[in-house]
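Presented below is the structure to which this report refers.
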Amino acid sequence: MTLPKSATVDVSFLMPCLNEEQTLPECIRTAHEAGGMLGDLGLTYEILISDNGSTDSSVELSESLGCRVVHCPDRGYGNALIFGCKNAAGTYIIMGDSDASYDFREGVAMVMKMREGYDLCMGSRFKGKIEPGAMPWKNRYIGNPILTGFLNLLYRSGLSDAHCGLRGFTRSAAERMRLESRGMELASEMVVKSAILGLKRTEVPVTLHRDGRDRPPHLRPWRDGWRHVKFLLTLCPLWFYFLPAFLLMGVSVAIFAALLSTPPGEMFKLGRLWMGDHWFILSGGFFNVGYQALLMGVAANKYTKSLGLRKRSAADSLIDRFAKVDVLLASSILLGLAGLGIIARVFVIWSDSRYGSLQMTRETTFATTLLVASFQTMFGGFLISMLGCDD
């Protein structure tokens, strides 16, 4: 069913394509059969091929089999799907790989779920069936479970298979998610943003068939897996910035308090644990690294909210009150003055001793920590302002 771009249908079956002439006929066949099933329900459909620079006969073959083809100018799995979504005519979009690993007839159940009010319906290979040889063991037992578990830990999507290549979503959901990933990490981005935005999600069992191609897949497990992990951390300031920041700063403050309560020149003793001035220097480094992570977390949190990718939480009002460039600059001045005041006191004591030996490592380290934090606060304030999220 070939439609002009301006036409409107109920369902678009979207397939990204890069030299898939070997498997496209089977994918298109099952998509047409799924369209026939939808037709029995009074729904119209199109099959949209988002070509990503094919040099074989994929384009001509697709058009001869009744598909509409659009040409994505930028290489990448994510780019092809985003371009396809922008050109899809359907109210509902069923996205699937064009390697014959999925049966598009299983997308009909996804359309029914979306008609019930769901924004995103994922296929679940783990609740469905994985044919022998369809998924490498490292993907089945290591990669997919770990990545899905990590995603659910950070974002609580509630889905059992976050990387299934067969999924359905509404056009309005796609517009709200503002997808940007160029590569395979788009699979994670869609689930993550649907969770962040509170979109209504569900899943249906699907079958993963063996790849019908006689060449290696485009997926590169280690490279693409790492890209997924990087993306998951990017939109989660709590786990990537705030928790490490509070941990490091908490340890630092505990060491500071222990040693500052100990007379100069003596070691803090707690059972078999003895801590001296070297620990004070280490705790200063912990504090500054943690404080830097805290400022970056504030910037990341405010920036993702400015993009509409994060809901306001109870802590946001506190962050918004203090994370303004003017407040941070004033804090920077106070921290700097405190650090300089301690340095001045150390200098006076040193001069009184006629610039001889000085046992004030703790005071000097503490002052240095405050001075570094002063500069971090100043630069952090301007960074937040530059990002355009200084509320």
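Simple scheme: letters A, B, ... for chains in structure tokens order, numbers from 1 for residues in each chain, numbers from 1 for ligands in the order shown.
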
**Study point:** Shell around Leu235 (chain A) at 8 Å using only C-alpha atoms, local window under 2 positions removed, as a PyMOL selection string
**Key:** chain A and resi 231-233+237+300+304

Go ahead and dump the residues you just picked, N, CA and C atoms, as a PDB file, in the first residue's frame.
```
ATOM      1  N   PHE A 231      24.436   5.873  27.538  1.00  0.00           N
ATOM      2  CA  PHE A 231      23.186   6.617  27.444  1.00  0.00           C
ATOM      3  C   PHE A 231      22.381   6.503  28.736  1.00  0.00           C
ATOM      4  N   LEU A 232      22.333   5.306  29.323  1.00  0.00           N
ATOM      5  CA  LEU A 232      21.569   5.112  30.552  1.00  0.00           C
ATOM      6  C   LEU A 232      22.075   6.021  31.662  1.00  0.00           C
ATOM      7  N   LEU A 233      23.386   6.200  31.745  1.00  0.00           N
ATOM      8  CA  LEU A 233      23.958   7.052  32.784  1.00  0.00           C
ATOM      9  C   LEU A 233      23.741   8.531  32.497  1.00  0.00           C
ATOM     10  N   PRO A 237      21.011  11.625  36.697  1.00  0.00           N
ATOM     11  CA  PRO A 237      21.914  12.353  37.602  1.00  0.00           C
ATOM     12  C   PRO A 237      21.988  11.742  38.992  1.00  0.00           C
ATOM     13  N   ALA A 300      23.200  18.807  35.308  1.00  0.00           N
ATOM     14  CA  ALA A 300      22.561  17.773  34.487  1.00  0.00           C
ATOM     15  C   ALA A 300      21.089  17.656  34.807  1.00  0.00           C
ATOM     16  N   THR A 304      18.211  18.490  31.973  1.00  0.00           N
ATOM     17  CA  THR A 304      17.240  17.505  31.484  1.00  0.00           C
ATOM     18  C   THR A 304      15.808  17.970  31.737  1.00  0.00           C
TER      19      THR A 304
END
```

Exercise for review: Please provide as a list in words all residues within 10 Å of region 135-138 of chain A, with the sequence filter that same-chain residues fewer than 3 positions apart are discarded (counting only C-alpha atoms).
Suggested key: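 Once the nearby chain positions are removed, what remains is Ser101, Ile130, Glu131, Pro132, Tyr141, Ile142, Gly143, Asn144, Pro145, Leu208, His209, Arg210, Asp211 and Pro221 of chain A.
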
Point to revise | Near-Ser385 (chain A) list (12 Å; only C-alpha atoms; drop same-chain fewer than 5 positions) as a list in words | key: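 Returned residues: Val298, Ala299, Lys302, Tyr303, Ala323, Lys324, Val325, Asp326, Val327, Leu328, Leu329, Met378, Phe379, Gly380, Asp390 and Asp391 of chain A.
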
Backbone-only DSSP, alpha helix (DSSP H) members of region 24-242 of chain A, as a JSON list (two decimals) with N, CA, C and O atoms, in the first residue's frame:
```json
[["chain", "number", "residue", "atom", "x", "y", "z"],
["A", 24, "LEU", "N", 14.12, -8.59, 3.18],
["A", 24, "LEU", "CA", 12.99, -7.67, 3.08],
["A", 24, "LEU", "C", 11.70, -8.34, 2.58],
["A", 24, "LEU", "O", 10.62, -8.06, 3.13],
["A", 25, "PRO", "N", 11.75, -9.20, 1.58],
["A", 25, "PRO", "CA", 10.49, -9.81, 1.11],
["A", 25, "PRO", "C", 9.71, -10.51, 2.21],
["A", 25, "PRO", "O", 8.48, -10.38, 2.29],
["A", 26, "GLU", "N", 10.39, -11.25, 3.09],
["A", 26, "GLU", "CA", 9.71, -11.93, 4.18],
["A", 26, "GLU", "C", 9.13, -10.94, 5.18],
["A", 26, "GLU", "O", 7.99, -11.11, 5.65],
["A", 27, "CYS", "N", 9.90, -9.89, 5.50],
["A", 27, "CYS", "CA", 9.40, -8.88, 6.43],
["A", 27, "CYS", "C", 8.17, -8.17, 5.85],
["A", 27, "CYS", "O", 7.17, -7.95, 6.55],
["A", 28, "ILE", "N", 8.25, -7.82, 4.58],
["A", 28, "ILE", "CA", 7.14, -7.11, 3.94],
["A", 28, "ILE", "C", 5.93, -8.02, 3.83],
["A", 28, "ILE", "O", 4.78, -7.59, 4.01],
["A", 29, "ARG", "N", 6.15, -9.30, 3.58],
["A", 29, "ARG", "CA", 5.03, -10.25, 3.49],
["A", 29, "ARG", "C", 4.26, -10.32, 4.81],
["A", 29, "ARG", "O", 3.02, -10.21, 4.83],
["A", 30, "THR", "N", 4.99, -10.47, 5.93],
["A", 30, "THR", "CA", 4.29, -10.55, 7.22],
["A", 30, "THR", "C", 3.65, -9.21, 7.59],
["A", 30, "THR", "O", 2.60, -9.18, 8.25],
["A", 31, "ALA", "N", 4.26, -8.11, 7.16],
["A", 31, "ALA", "CA", 3.66, -6.80, 7.43],
["A", 31, "ALA", "C", 2.36, -6.63, 6.65],
["A", 31, "ALA", "O", 1.37, -6.11, 7.18],
["A", 32, "HIS", "N", 2.34, -7.08, 5.39],
["A", 32, "HIS", "CA", 1.10, -7.02, 4.61],
["A", 32, "HIS", "C", 0.02, -7.91, 5.23],
["A", 32, "HIS", "O", -1.16, -7.54, 5.27],
["A", 33, "GLU", "N", 0.43, -9.09, 5.70],
["A", 33, "GLU", "CA", -0.56, -9.96, 6.34],
["A", 33, "GLU", "C", -1.08, -9.33, 7.63],
["A", 33, "GLU", "O", -2.28, -9.45, 7.94],
["A", 34, "ALA", "N", -0.20, -8.67, 8.36],
["A", 34, "ALA", "CA", -0.66, -7.95, 9.56],
["A", 34, "ALA", "C", -1.61, -6.82, 9.16],
["A", 34, "ALA", "O", -2.63, -6.58, 9.83],
["A", 35, "GLY", "N", -1.29, -6.13, 8.04],
["A", 35, "GLY", "CA", -2.19, -5.09, 7.55],
["A", 35, "GLY", "C", -3.55, -5.64, 7.19],
["A", 35, "GLY", "O", -4.59, -5.00, 7.40],
["A", 36, "GLY", "N", -3.58, -6.87, 6.62],
["A", 36, "GLY", "CA", -4.86, -7.50, 6.31],
["A", 36, "GLY", "C", -5.65, -7.79, 7.57],
["A", 36, "GLY", "O", -6.89, -7.62, 7.59],
["A", 37, "MET", "N", -4.98, -8.23, 8.62],
["A", 37, "MET", "CA", -5.66, -8.47, 9.90],
["A", 37, "MET", "C", -6.22, -7.18, 10.47],
["A", 37, "MET", "O", -7.32, -7.15, 11.03],
["A", 38, "LEU", "N", -5.46, -6.09, 10.31],
["A", 38, "LEU", "CA", -5.96, -4.79, 10.76],
["A", 38, "LEU", "C", -7.14, -4.33, 9.91],
["A", 38, "LEU", "O", -8.08, -3.71, 10.41],
["A", 39, "GLY", "N", -7.07, -4.65, 8.60],
["A", 39, "GLY", "CA", -8.17, -4.29, 7.72],
["A", 39, "GLY", "C", -9.48, -4.93, 8.14],
["A", 39, "GLY", "O", -10.56, -4.32, 8.01],
["A", 58, "SER", "N", 17.45, -3.11, -2.47],
["A", 58, "SER", "CA", 16.45, -3.00, -1.41],
["A", 58, "SER", "C", 15.36, -1.97, -1.73],
["A", 58, "SER", "O", 14.18, -2.23, -1.52],
["A", 59, "VAL", "N", 15.75, -0.82, -2.25],
["A", 59, "VAL", "CA", 14.78, 0.24, -2.53],
["A", 59, "VAL", "C", 13.82, -0.19, -3.62],
["A", 59, "VAL", "O", 12.58, -0.09, -3.46],
["A", 60, "GLU", "N", 14.33, -0.65, -4.73],
["A", 60, "GLU", "CA", 13.49, -1.06, -5.85],
["A", 60, "GLU", "C", 12.58, -2.24, -5.44],
["A", 60, "GLU", "O", 11.39, -2.26, -5.79],
["A", 61, "LEU", "N", 13.14, -3.15, -4.68],
["A", 61, "LEU", "CA", 12.36, -4.30, -4.23],
["A", 61, "LEU", "C", 11.22, -3.86, -3.32],
["A", 61, "LEU", "O", 10.07, -4.33, -3.46],
["A", 62, "SER", "N", 11.50, -2.96, -2.41],
["A", 62, "SER", "CA", 10.47, -2.48, -1.49],
["A", 62, "SER", "C", 9.34, -1.79, -2.23],
["A", 62, "SER", "O", 8.14, -2.02, -1.95],
["A", 63, "GLU", "N", 9.68, -0.93, -3.16],
["A", 63, "GLU", "CA", 8.64, -0.22, -3.91],
["A", 63, "GLU", "C", 7.81, -1.17, -4.75],
["A", 63, "GLU", "O", 6.59, -1.00, -4.88],
["A", 64, "SER", "N", 8.45, -2.21, -5.30],
["A", 64, "SER", "CA", 7.70, -3.17, -6.11],
["A", 64, "SER", "C", 6.75, -4.01, -5.27],
["A", 64, "SER", "O", 5.77, -4.55, -5.79],
["A", 77, "TYR", "N", 21.47, 3.29, 12.78],
["A", 77, "TYR", "CA", 20.18, 2.66, 13.09],
["A", 77, "TYR", "C", 19.19, 3.66, 13.69],
["A", 77, "TYR", "O", 18.04, 3.75, 13.28],
["A", 78, "GLY", "N", 19.67, 4.42, 14.68],
["A", 78, "GLY", "CA", 18.81, 5.41, 15.31],
["A", 78, "GLY", "C", 18.37, 6.50, 14.34],
["A", 78, "GLY", "O", 17.20, 6.90, 14.32],
["A", 79, "ASN", "N", 19.30, 6.97, 13.53],
["A", 79, "ASN", "CA", 18.96, 8.01, 12.56],
["A", 79, "ASN", "C", 17.87, 7.53, 11.60],
["A", 79, "ASN", "O", 16.94, 8.28, 11.27],
["A", 80, "ALA", "N", 18.00, 6.28, 11.14],
["A", 80, "ALA", "CA", 17.01, 5.75, 10.18],
["A", 80, "ALA", "C", 15.63, 5.67, 10.81],
["A", 80, "ALA", "O", 14.62, 6.00, 10.17],
["A", 81, "LEU", "N", 15.56, 5.25, 12.07],
["A", 81, "LEU", "CA", 14.26, 5.13, 12.73],
["A", 81, "LEU", "C", 13.66, 6.49, 13.06],
["A", 81, "LEU", "O", 12.45, 6.70, 12.90],
["A", 82, "ILE", "N", 14.48, 7.42, 13.52],
["A", 82, "ILE", "CA", 13.96, 8.77, 13.81],
["A", 82, "ILE", "C", 13.43, 9.41, 12.53],
["A", 82, "ILE", "O", 12.35, 10.02, 12.51],
["A", 83, "PHE", "N", 14.18, 9.27, 11.44],
["A", 83, "PHE", "CA", 13.74, 9.82, 10.15],
["A", 83, "PHE", "C", 12.45, 9.15, 9.71],
["A", 83, "PHE", "O", 11.54, 9.82, 9.20],
["A", 84, "GLY", "N", 12.36, 7.85, 9.91],
["A", 84, "GLY", "CA", 11.14, 7.14, 9.55],
["A", 84, "GLY", "C", 9.95, 7.60, 10.36],
["A", 84, "GLY", "O", 8.85, 7.77, 9.82],
["A", 85, "CYS", "N", 10.15, 7.81, 11.66],
["A", 85, "CYS", "CA", 9.06, 8.28, 12.52],
["A", 85, "CYS", "C", 8.53, 9.64, 12.06],
["A", 85, "CYS", "O", 7.32, 9.90, 12.06],
["A", 86, "LYS", "N", 9.46, 10.51, 11.66],
["A", 86, "LYS", "CA", 9.06, 11.85, 11.21],
["A", 86, "LYS", "C", 8.27, 11.79, 9.90],
["A", 86, "LYS", "O", 7.49, 12.71, 9.61],
["A", 87, "ASN", "N", 8.48, 10.74, 9.11],
["A", 87, "ASN", "CA", 7.80, 10.63, 7.82],
["A", 87, "ASN", "C", 6.65, 9.65, 7.83],
["A", 87, "ASN", "O", 5.99, 9.46, 6.80],
["A", 107, "GLY", "N", 2.67, -7.64, 15.64],
["A", 107, "GLY", "CA", 2.45, -6.24, 15.92],
["A", 107, "GLY", "C", 0.99, -5.86, 16.03],
["A", 107, "GLY", "O", 0.65, -4.80, 16.57],
["A", 108, "VAL", "N", 0.11, -6.72, 15.55],
["A", 108, "VAL", "CA", -1.33, -6.43, 15.65],
["A", 108, "VAL", "C", -1.74, -6.34, 17.12],
["A", 108, "VAL", "O", -2.53, -5.46, 17.50],
["A", 109, "ALA", "N", -1.23, -7.23, 17.94],
["A", 109, "ALA", "CA", -1.55, -7.18, 19.37],
["A", 109, "ALA", "C", -1.06, -5.88, 19.99],
["A", 109, "ALA", "O", -1.69, -5.34, 20.91],
["A", 110, "MET", "N", 0.04, -5.35, 19.48],
["A", 110, "MET", "CA", 0.56, -4.08, 19.98],
["A", 110, "MET", "C", -0.38, -2.94, 19.62],
["A", 110, "MET", "O", -0.62, -2.03, 20.43],
["A", 111, "VAL", "N", -0.92, -2.98, 18.41],
["A", 111, "VAL", "CA", -1.88, -1.95, 18.00],
["A", 111, "VAL", "C", -3.09, -1.98, 18.91],
["A", 111, "VAL", "O", -3.61, -0.94, 19.34],
["A", 112, "MET", "N", -3.56, -3.18, 19.25],
["A", 112, "MET", "CA", -4.72, -3.30, 20.13],
["A", 112, "MET", "C", -4.42, -2.69, 21.51],
["A", 112, "MET", "O", -5.28, -2.04, 22.11],
["A", 113, "LYS", "N", -3.21, -2.93, 22.00],
["A", 113, "LYS", "CA", -2.83, -2.35, 23.29],
["A", 113, "LYS", "C", -2.82, -0.83, 23.23],
["A", 113, "LYS", "O", -3.27, -0.14, 24.16],
["A", 114, "MET", "N", -2.31, -0.30, 22.13],
["A", 114, "MET", "CA", -2.26, 1.16, 22.01],
["A", 114, "MET", "C", -3.66, 1.75, 21.86],
["A", 114, "MET", "O", -3.93, 2.85, 22.33],
["A", 115, "ARG", "N", -4.54, 1.02, 21.24],
["A", 115, "ARG", "CA", -5.93, 1.49, 21.14],
["A", 115, "ARG", "C", -6.62, 1.48, 22.50],
["A", 115, "ARG", "O", -7.62, 2.18, 22.70],
["A", 137, "TRP", "N", 24.53, -16.62, 22.89],
["A", 137, "TRP", "CA", 24.40, -16.87, 24.33],
["A", 137, "TRP", "C", 24.82, -15.66, 25.16],
["A", 137, "TRP", "O", 24.21, -15.37, 26.19],
["A", 138, "LYS", "N", 25.84, -14.92, 24.70],
["A", 138, "LYS", "CA", 26.29, -13.77, 25.49],
["A", 138, "LYS", "C", 25.26, -12.65, 25.50],
["A", 138, "LYS", "O", 25.16, -11.89, 26.46],
["A", 144, "ASN", "N", 21.63, -8.73, 27.30],
["A", 144, "ASN", "CA", 20.26, -8.23, 27.46],
["A", 144, "ASN", "C", 19.77, -8.23, 28.90],
["A", 144, "ASN", "O", 19.19, -7.23, 29.35],
["A", 145, "PRO", "N", 19.96, -9.31, 29.68],
["A", 145, "PRO", "CA", 19.50, -9.25, 31.08],
["A", 145, "PRO", "C", 20.19, -8.16, 31.89],
["A", 145, "PRO", "O", 19.55, -7.48, 32.70],
["A", 146, "ILE", "N", 21.51, -7.99, 31.69],
["A", 146, "ILE", "CA", 22.23, -6.98, 32.47],
["A", 146, "ILE", "C", 21.78, -5.57, 32.07],
["A", 146, "ILE", "O", 21.50, -4.72, 32.93],
["A", 147, "LEU", "N", 21.69, -5.31, 30.77],
["A", 147, "LEU", "CA", 21.29, -3.97, 30.33],
["A", 147, "LEU", "C", 19.86, -3.65, 30.74],
["A", 147, "LEU", "O", 19.55, -2.54, 31.18],
["A", 148, "THR", "N", 18.95, -4.63, 30.58],
["A", 148, "THR", "CA", 17.56, -4.40, 30.99],
["A", 148, "THR", "C", 17.47, -4.21, 32.50],
["A", 148, "THR", "O", 16.74, -3.34, 32.98],
["A", 149, "GLY", "N", 18.20, -5.04, 33.26],
["A", 149, "GLY", "CA", 18.19, -4.89, 34.71],
["A", 149, "GLY", "C", 18.76, -3.56, 35.15],
["A", 149, "GLY", "O", 18.22, -2.90, 36.06],
["A", 150, "PHE", "N", 19.84, -3.12, 34.50],
["A", 150, "PHE", "CA", 20.45, -1.83, 34.82],
["A", 150, "PHE", "C", 19.47, -0.70, 34.50],
["A", 150, "PHE", "O", 19.31, 0.25, 35.28],
["A", 151, "LEU", "N", 18.81, -0.79, 33.36],
["A", 151, "LEU", "CA", 17.84, 0.22, 32.97],
["A", 151, "LEU", "C", 16.69, 0.29, 33.99],
["A", 151, "LEU", "O", 16.28, 1.38, 34.40],
["A", 152, "ASN", "N", 16.19, -0.87, 34.40],
["A", 152, "ASN", "CA", 15.09, -0.88, 35.37],
["A", 152, "ASN", "C", 15.53, -0.40, 36.74],
["A", 152, "ASN", "O", 14.73, 0.20, 37.48],
["A", 153, "LEU", "N", 16.79, -0.66, 37.11],
["A", 153, "LEU", "CA", 17.30, -0.15, 38.37],
["A", 153, "LEU", "C", 17.31, 1.37, 38.38],
["A", 153, "LEU", "O", 16.92, 2.02, 39.37],
["A", 154, "LEU", "N", 17.73, 1.97, 37.27],
["A", 154, "LEU", "CA", 17.84, 3.42, 37.19],
["A", 154, "LEU", "C", 16.51, 4.11, 36.92],
["A", 154, "LEU", "O", 16.26, 5.20, 37.45],
["A", 155, "TYR", "N", 15.67, 3.49, 36.10],
["A", 155, "TYR", "CA", 14.49, 4.20, 35.61],
["A", 155, "TYR", "C", 13.16, 3.51, 35.91],
["A", 155, "TYR", "O", 12.11, 4.08, 35.64],
["A", 171, "ARG", "N", 2.22, 8.05, 17.57],
["A", 171, "ARG", "CA", 2.94, 9.19, 16.99],
["A", 171, "ARG", "C", 3.15, 10.29, 18.05],
["A", 171, "ARG", "O", 4.22, 10.89, 18.14],
["A", 172, "SER", "N", 2.11, 10.54, 18.87],
["A", 172, "SER", "CA", 2.24, 11.58, 19.89],
["A", 172, "SER", "C", 3.32, 11.22, 20.91],
["A", 172, "SER", "O", 4.05, 12.09, 21.40],
["A", 173, "ALA", "N", 3.47, 9.93, 21.24],
["A", 173, "ALA", "CA", 4.53, 9.52, 22.16],
["A", 173, "ALA", "C", 5.90, 9.76, 21.55],
["A", 173, "ALA", "O", 6.83, 10.22, 22.23],
["A", 174, "ALA", "N", 6.04, 9.46, 20.27],
["A", 174, "ALA", "CA", 7.32, 9.70, 19.58],
["A", 174, "ALA", "C", 7.67, 11.18, 19.60],
["A", 174, "ALA", "O", 8.84, 11.55, 19.79],
["A", 175, "GLU", "N", 6.67, 12.04, 19.42],
["A", 175, "GLU", "CA", 6.93, 13.47, 19.44],
["A", 175, "GLU", "C", 7.35, 13.94, 20.83],
["A", 175, "GLU", "O", 8.23, 14.78, 20.99],
["A", 176, "ARG", "N", 6.71, 13.38, 21.86],
["A", 176, "ARG", "CA", 7.04, 13.77, 23.23],
["A", 176, "ARG", "C", 8.42, 13.28, 23.63],
["A", 176, "ARG", "O", 9.14, 13.96, 24.38],
["A", 177, "MET", "N", 8.82, 12.11, 23.15],
["A", 177, "MET", "CA", 10.12, 11.55, 23.54],
["A", 177, "MET", "C", 11.29, 12.28, 22.90],
["A", 177, "MET", "O", 12.41, 12.22, 23.41],
["A", 186, "LEU", "N", 19.26, 3.82, 20.56],
["A", 186, "LEU", "CA", 17.90, 4.33, 20.45],
["A", 186, "LEU", "C", 16.93, 3.40, 21.15],
["A", 186, "LEU", "O", 15.92, 3.86, 21.70],
["A", 187, "ALA", "N", 17.21, 2.10, 21.15],
["A", 187, "ALA", "CA", 16.33, 1.14, 21.82],
["A", 187, "ALA", "C", 16.20, 1.48, 23.30],
["A", 187, "ALA", "O", 15.09, 1.45, 23.87],
["A", 188, "SER", "N", 17.32, 1.82, 23.94],
["A", 188, "SER", "CA", 17.29, 2.22, 25.35],
["A", 188, "SER", "C", 16.65, 3.58, 25.52],
["A", 188, "SER", "O", 15.87, 3.82, 26.45],
["A", 189, "GLU", "N", 16.97, 4.51, 24.63],
["A", 189, "GLU", "CA", 16.46, 5.87, 24.75],
["A", 189, "GLU", "C", 14.94, 5.88, 24.77],
["A", 189, "GLU", "O", 14.32, 6.61, 25.56],
["A", 190, "MET", "N", 14.32, 5.09, 23.92],
["A", 190, "MET", "CA", 12.87, 5.08, 23.84],
["A", 190, "MET", "C", 12.25, 4.62, 25.16],
["A", 190, "MET", "O", 11.28, 5.21, 25.66],
["A", 191, "VAL", "N", 12.81, 3.57, 25.75],
["A", 191, "VAL", "CA", 12.27, 3.05, 27.01],
["A", 191, "VAL", "C", 12.55, 4.03, 28.15],
["A", 191, "VAL", "O", 11.68, 4.30, 28.98],
["A", 192, "VAL", "N", 13.77, 4.57, 28.18],
["A", 192, "VAL", "CA", 14.15, 5.50, 29.25],
["A", 192, "VAL", "C", 13.26, 6.73, 29.23],
["A", 192, "VAL", "O", 12.71, 7.15, 30.26],
["A", 193, "LYS", "N", 13.10, 7.33, 28.08],
["A", 193, "LYS", "CA", 12.31, 8.56, 28.01],
["A", 193, "LYS", "C", 10.83, 8.30, 28.27],
["A", 193, "LYS", "O", 10.13, 9.14, 28.84],
["A", 194, "SER", "N", 10.35, 7.13, 27.86],
["A", 194, "SER", "CA", 8.95, 6.82, 28.16],
["A", 194, "SER", "C", 8.75, 6.70, 29.67],
["A", 194, "SER", "O", 7.70, 7.10, 30.20],
["A", 195, "ALA", "N", 9.76, 6.17, 30.39],
["A", 195, "ALA", "CA", 9.66, 6.07, 31.84],
["A", 195, "ALA", "C", 9.78, 7.44, 32.50],
["A", 195, "ALA", "O", 9.02, 7.77, 33.42],
["A", 196, "ILE", "N", 10.74, 8.25, 32.04],
["A", 196, "ILE", "CA", 10.92, 9.59, 32.60],
["A", 196, "ILE", "C", 9.68, 10.44, 32.42],
["A", 196, "ILE", "O", 9.26, 11.17, 33.33],
["A", 221, "PRO", "N", 27.99, -6.25, 19.56],
["A", 221, "PRO", "CA", 27.58, -6.38, 20.96],
["A", 221, "PRO", "C", 28.35, -5.52, 21.95],
["A", 221, "PRO", "O", 27.75, -4.82, 22.78],
["A", 222, "TRP", "N", 29.68, -5.58, 21.94],
["A", 222, "TRP", "CA", 30.45, -4.85, 22.94],
["A", 222, "TRP", "C", 30.38, -3.35, 22.71],
["A", 222, "TRP", "O", 30.15, -2.57, 23.65],
["A", 223, "ARG", "N", 30.55, -2.92, 21.47],
["A", 223, "ARG", "CA", 30.50, -1.48, 21.17],
["A", 223, "ARG", "C", 29.12, -0.92, 21.46],
["A", 223, "ARG", "O", 28.97, 0.11, 22.14],
["A", 224, "ASP", "N", 28.08, -1.58, 20.94],
["A", 224, "ASP", "CA", 26.73, -1.07, 21.11],
["A", 224, "ASP", "C", 26.25, -1.21, 22.56],
["A", 224, "ASP", "O", 25.48, -0.38, 23.05],
["A", 225, "GLY", "N", 26.73, -2.28, 23.25],
["A", 225, "GLY", "CA", 26.38, -2.40, 24.66],
["A", 225, "GLY", "C", 26.93, -1.26, 25.48],
["A", 225, "GLY", "O", 26.24, -0.71, 26.35],
["A", 226, "TRP", "N", 28.17, -0.86, 25.21],
["A", 226, "TRP", "CA", 28.77, 0.27, 25.92],
["A", 226, "TRP", "C", 28.03, 1.55, 25.59],
["A", 226, "TRP", "O", 27.84, 2.41, 26.47],
["A", 227, "ARG", "N", 27.58, 1.71, 24.36],
["A", 227, "ARG", "CA", 26.82, 2.91, 24.01],
["A", 227, "ARG", "C", 25.50, 2.95, 24.77],
["A", 227, "ARG", "O", 25.04, 4.03, 25.18],
["A", 228, "HIS", "N", 24.88, 1.79, 24.98],
["A", 228, "HIS", "CA", 23.66, 1.73, 25.79],
["A", 228, "HIS", "C", 23.95, 2.17, 27.22],
["A", 228, "HIS", "O", 23.19, 2.96, 27.80],
["A", 229, "VAL", "N", 25.03, 1.65, 27.81],
["A", 229, "VAL", "CA", 25.36, 1.99, 29.19],
["A", 229, "VAL", "C", 25.62, 3.49, 29.32],
["A", 229, "VAL", "O", 25.15, 4.15, 30.27],
["A", 230, "LYS", "N", 26.37, 4.06, 28.40],
["A", 230, "LYS", "CA", 26.65, 5.50, 28.45],
["A", 230, "LYS", "C", 25.36, 6.30, 28.40],
["A", 230, "LYS", "O", 25.20, 7.29, 29.13],
["A", 231, "PHE", "N", 24.44, 5.87, 27.54],
["A", 231, "PHE", "CA", 23.19, 6.62, 27.44],
["A", 231, "PHE", "C", 22.38, 6.50, 28.74],
["A", 231, "PHE", "O", 21.80, 7.49, 29.21],
["A", 232, "LEU", "N", 22.33, 5.31, 29.32],
["A", 232, "LEU", "CA", 21.57, 5.11, 30.55],
["A", 232, "LEU", "C", 22.08, 6.02, 31.66],
["A", 232, "LEU", "O", 21.29, 6.56, 32.45],
["A", 233, "LEU", "N", 23.39, 6.20, 31.75],
["A", 233, "LEU", "CA", 23.96, 7.05, 32.78],
["A", 233, "LEU", "C", 23.74, 8.53, 32.50],
["A", 233, "LEU", "O", 23.62, 9.34, 33.42],
["A", 234, "THR", "N", 23.66, 8.89, 31.22],
["A", 234, "THR", "CA", 23.56, 10.30, 30.83],
["A", 234, "THR", "C", 22.32, 10.96, 31.42],
["A", 234, "THR", "O", 22.36, 12.11, 31.88],
["A", 237, "PRO", "N", 21.01, 11.63, 36.70],
["A", 237, "PRO", "CA", 21.91, 12.35, 37.60],
["A", 237, "PRO", "C", 21.99, 11.74, 38.99],
["A", 237, "PRO", "O", 23.03, 11.82, 39.65]]
```

Point to revise | Among listed residues A:Gly158, A:Val69, A:Gly128, A:Leu14, nearest Met95 (chain A) (using only C-alpha atoms) | key: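 The closest residue to Met95 (chain A) is A:Leu14.
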
Check your understanding: By how many Å are CA of Phe104 (chain A) and CA of Phe13 (chain A) apart?
Key ->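 Calculated distance between CA of Phe104 (chain A) and CA of Phe13 (chain A) is 8.0 Å.
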
Exercise for review: Find, counting only C-alpha atoms, the residue in A:Ser283, A:Ser50, A:Ser12, A:Asn19 that gets nearest to Thr91 (chain A).
Suggested key: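 Of A:Ser283, A:Ser50, A:Ser12, A:Asn19, the one nearest Thr91 (chain A), counting only C-alpha atoms, is A:Ser12.
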
**Study point:** region 340-343 of chain A surroundings by only C-alpha atoms, 9 Å radius, close-in-sequence under 2 positions cut, as a PyMOL selection string
**Key:** chain A and resi 335-338+345-348+363-364+366-368+370-371

Written selection (C-alpha atoms) as an mmCIF file, in the first residue's frame:
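For reference, result36.cif as written:
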```cif
data_model
loop_
_atom_site.group_PDB
_atom_site.id
_atom_site.type_symbol
_atom_site.label_atom_id
_atom_site.label_comp_id
_atom_site.auth_asym_id
_atom_site.auth_seq_id
_atom_site.Cartn_x
_atom_site.Cartn_y
_atom_site.Cartn_z
ATOM 1 C CA LEU A 335 34.245 29.726 50.562
ATOM 2 C CA GLY A 336 37.190 31.654 49.157
ATOM 3 C CA LEU A 337 37.253 34.087 52.076
ATOM 4 C CA ALA A 338 37.105 31.208 54.564
ATOM 5 C CA ARG A 345 46.239 32.450 60.123
ATOM 6 C CA VAL A 346 48.750 29.778 59.097
ATOM 7 C CA PHE A 347 50.996 32.447 57.608
ATOM 8 C CA VAL A 348 50.867 34.541 60.771
ATOM 9 C CA GLU A 363 44.783 23.523 58.502
ATOM 10 C CA THR A 364 46.596 24.040 55.191
ATOM 11 C CA PHE A 366 41.442 22.251 54.852
ATOM 12 C CA ALA A 367 42.058 25.771 53.524
ATOM 13 C CA THR A 368 43.143 24.405 50.145
ATOM 14 C CA LEU A 370 37.850 25.369 50.591
ATOM 15 C CA LEU A 371 39.708 27.402 47.967
#
```
